[in-house]
Amino acid sequence: MTTPTYIHGEELSMQSYRALIGWVNNQEGIQLLLGRNPMPTDDIAHLQQTIADCRAAVTTRPVFIPTNPIVDAGDDLLLKAVK
């Protein structure tokens with residue numbers, strides 16, 4: 001991230017955070033990366049490229065295929081002993 005830009009009268013937050021930039025829309029991504037609302041004088045081209053890179057990383061992930069979490073115990077001798 002870049003050096004934060006301070007605006008007179010705006011409260012400064014020194015908390016670190018993580019954001020899932022690849023999943024948010026452009027406006028939210030810009031706000032998250034800037035740490036504030038964009039101003040008309042801000043050059044957001046670099047931020048838009050960062051958001052595009054994050055979205056590209058999301059699309060390269062394998063598709064989630066849900067599986068049944070219930071395991072068939074079958075004829076497990078230990079399970080029979082517990083019952």
# chains A, B, ... in the order shown; residues from 1 in each chain; ligands from 1
>>> residues_around(residues="Gly29 in chain A", least_positions_apart="6", cutoff="12 Å", atoms="only C-alpha atoms", output="ChimeraX atom specification")
/A:18-23,35-38,44,46-55
>>> atom_distance(atom1="CA of Lys83 in chain A", atom2="CA of Thr67 in chain A")
27.0 Å
>>> atom_distance(atom1="CA of Ala45 in chain A", atom2="CA of Val24 in chain A")
16.9 Å
>>> select_by_dssp(residues="chain A", states="helix (DSSP H, G or I)", output="compact mmCIF listing (two decimals) with N, CA and C atoms, in the first residue's frame")
# COMPACT_ATOMS: atom_id res chain seq x y z
N ILE A 21 -10.18 -8.10 -1.82
CA ILE A 21 -10.35 -7.13 -2.90
C ILE A 21 -10.91 -7.80 -4.16
N GLY A 22 -10.54 -9.03 -4.42
CA GLY A 22 -11.00 -9.72 -5.63
C GLY A 22 -12.49 -9.99 -5.66
N TRP A 23 -13.16 -9.86 -4.53
CA TRP A 23 -14.59 -10.16 -4.47
C TRP A 23 -15.47 -8.92 -4.35
N ASN A 26 -15.70 -2.35 -7.88
CA ASN A 26 -14.62 -1.38 -8.08
C ASN A 26 -14.62 -0.27 -7.05
N GLN A 27 -15.79 0.29 -6.77
CA GLN A 27 -15.87 1.42 -5.83
C GLN A 27 -15.41 1.00 -4.44
N GLU A 28 -15.89 -0.15 -3.97
CA GLU A 28 -15.47 -0.62 -2.65
C GLU A 28 -13.99 -0.95 -2.62
N GLY A 29 -13.48 -1.54 -3.70
CA GLY A 29 -12.06 -1.86 -3.78
C GLY A 29 -11.19 -0.61 -3.70
N ILE A 30 -11.58 0.43 -4.40
CA ILE A 30 -10.83 1.69 -4.37
C ILE A 30 -10.86 2.28 -2.96
N GLN A 31 -12.03 2.27 -2.33
CA GLN A 31 -12.14 2.80 -0.97
C GLN A 31 -11.28 1.99 0.00
N LEU A 32 -11.28 0.67 -0.15
CA LEU A 32 -10.48 -0.16 0.75
C LEU A 32 -8.99 0.06 0.54
N LEU A 33 -8.56 0.18 -0.70
CA LEU A 33 -7.14 0.37 -0.97
C LEU A 33 -6.65 1.76 -0.57
N LEU A 34 -7.50 2.76 -0.75
CA LEU A 34 -7.13 4.11 -0.34
C LEU A 34 -7.26 4.31 1.17
N ALA A 45 -5.74 4.87 -11.37
CA ALA A 45 -5.41 3.88 -12.41
C ALA A 45 -4.64 2.70 -11.82
N HIS A 46 -3.68 2.99 -10.94
CA HIS A 46 -2.91 1.91 -10.31
C HIS A 46 -3.81 1.05 -9.43
N LEU A 47 -4.74 1.68 -8.72
CA LEU A 47 -5.66 0.93 -7.86
C LEU A 47 -6.57 0.04 -8.69
N GLN A 48 -7.04 0.55 -9.82
CA GLN A 48 -7.89 -0.26 -10.69
C GLN A 48 -7.13 -1.46 -11.24
N GLN A 49 -5.84 -1.29 -11.53
CA GLN A 49 -5.03 -2.41 -11.99
C GLN A 49 -4.85 -3.44 -10.88
N THR A 50 -4.66 -2.98 -9.65
CA THR A 50 -4.54 -3.88 -8.51
C THR A 50 -5.83 -4.68 -8.32
N ILE A 51 -6.98 -4.02 -8.46
CA ILE A 51 -8.27 -4.70 -8.34
C ILE A 51 -8.42 -5.72 -9.45
N ALA A 52 -8.03 -5.38 -10.67
CA ALA A 52 -8.10 -6.32 -11.79
C ALA A 52 -7.20 -7.52 -11.56
N ASP A 53 -6.01 -7.30 -11.00
CA ASP A 53 -5.10 -8.41 -10.68
C ASP A 53 -5.70 -9.33 -9.62
N CYS A 54 -6.35 -8.73 -8.63
CA CYS A 54 -6.99 -9.53 -7.58
C CYS A 54 -8.13 -10.36 -8.14
N ARG A 55 -8.91 -9.78 -9.03
CA ARG A 55 -10.01 -10.53 -9.65
C ARG A 55 -9.48 -11.66 -10.53
N ALA A 56 -8.37 -11.41 -11.21
CA ALA A 56 -7.75 -12.46 -12.03
C ALA A 56 -7.28 -13.61 -11.15
N ALA A 57 -6.76 -13.31 -9.97
CA ALA A 57 -6.33 -14.35 -9.05
C ALA A 57 -7.53 -15.18 -8.58
N VAL A 58 -8.67 -14.52 -8.37
CA VAL A 58 -9.88 -15.23 -7.94
C VAL A 58 -10.35 -16.18 -9.04
N THR A 59 -10.30 -15.73 -10.29
CA THR A 59 -10.80 -16.57 -11.38
C THR A 59 -9.88 -17.76 -11.67
N LEU A 77 -15.02 -52.38 13.48
CA LEU A 77 -15.07 -53.11 14.73
C LEU A 77 -15.01 -52.19 15.94
N LEU A 78 -14.22 -51.10 15.84
CA LEU A 78 -14.15 -50.16 16.96
C LEU A 78 -15.49 -49.47 17.19
N LEU A 79 -16.17 -49.12 16.11
CA LEU A 79 -17.48 -48.48 16.24
C LEU A 79 -18.47 -49.41 16.88
N LYS A 80 -18.43 -50.68 16.51
CA LYS A 80 -19.34 -51.66 17.12
C LYS A 80 -19.04 -51.83 18.60
N ALA A 81 -17.76 -51.76 18.97
CA ALA A 81 -17.37 -51.90 20.38
C ALA A 81 -17.89 -50.73 21.20
N VAL A 82 -17.90 -49.53 20.64
CA VAL A 82 -18.38 -48.34 21.34
C VAL A 82 -19.88 -48.41 21.54
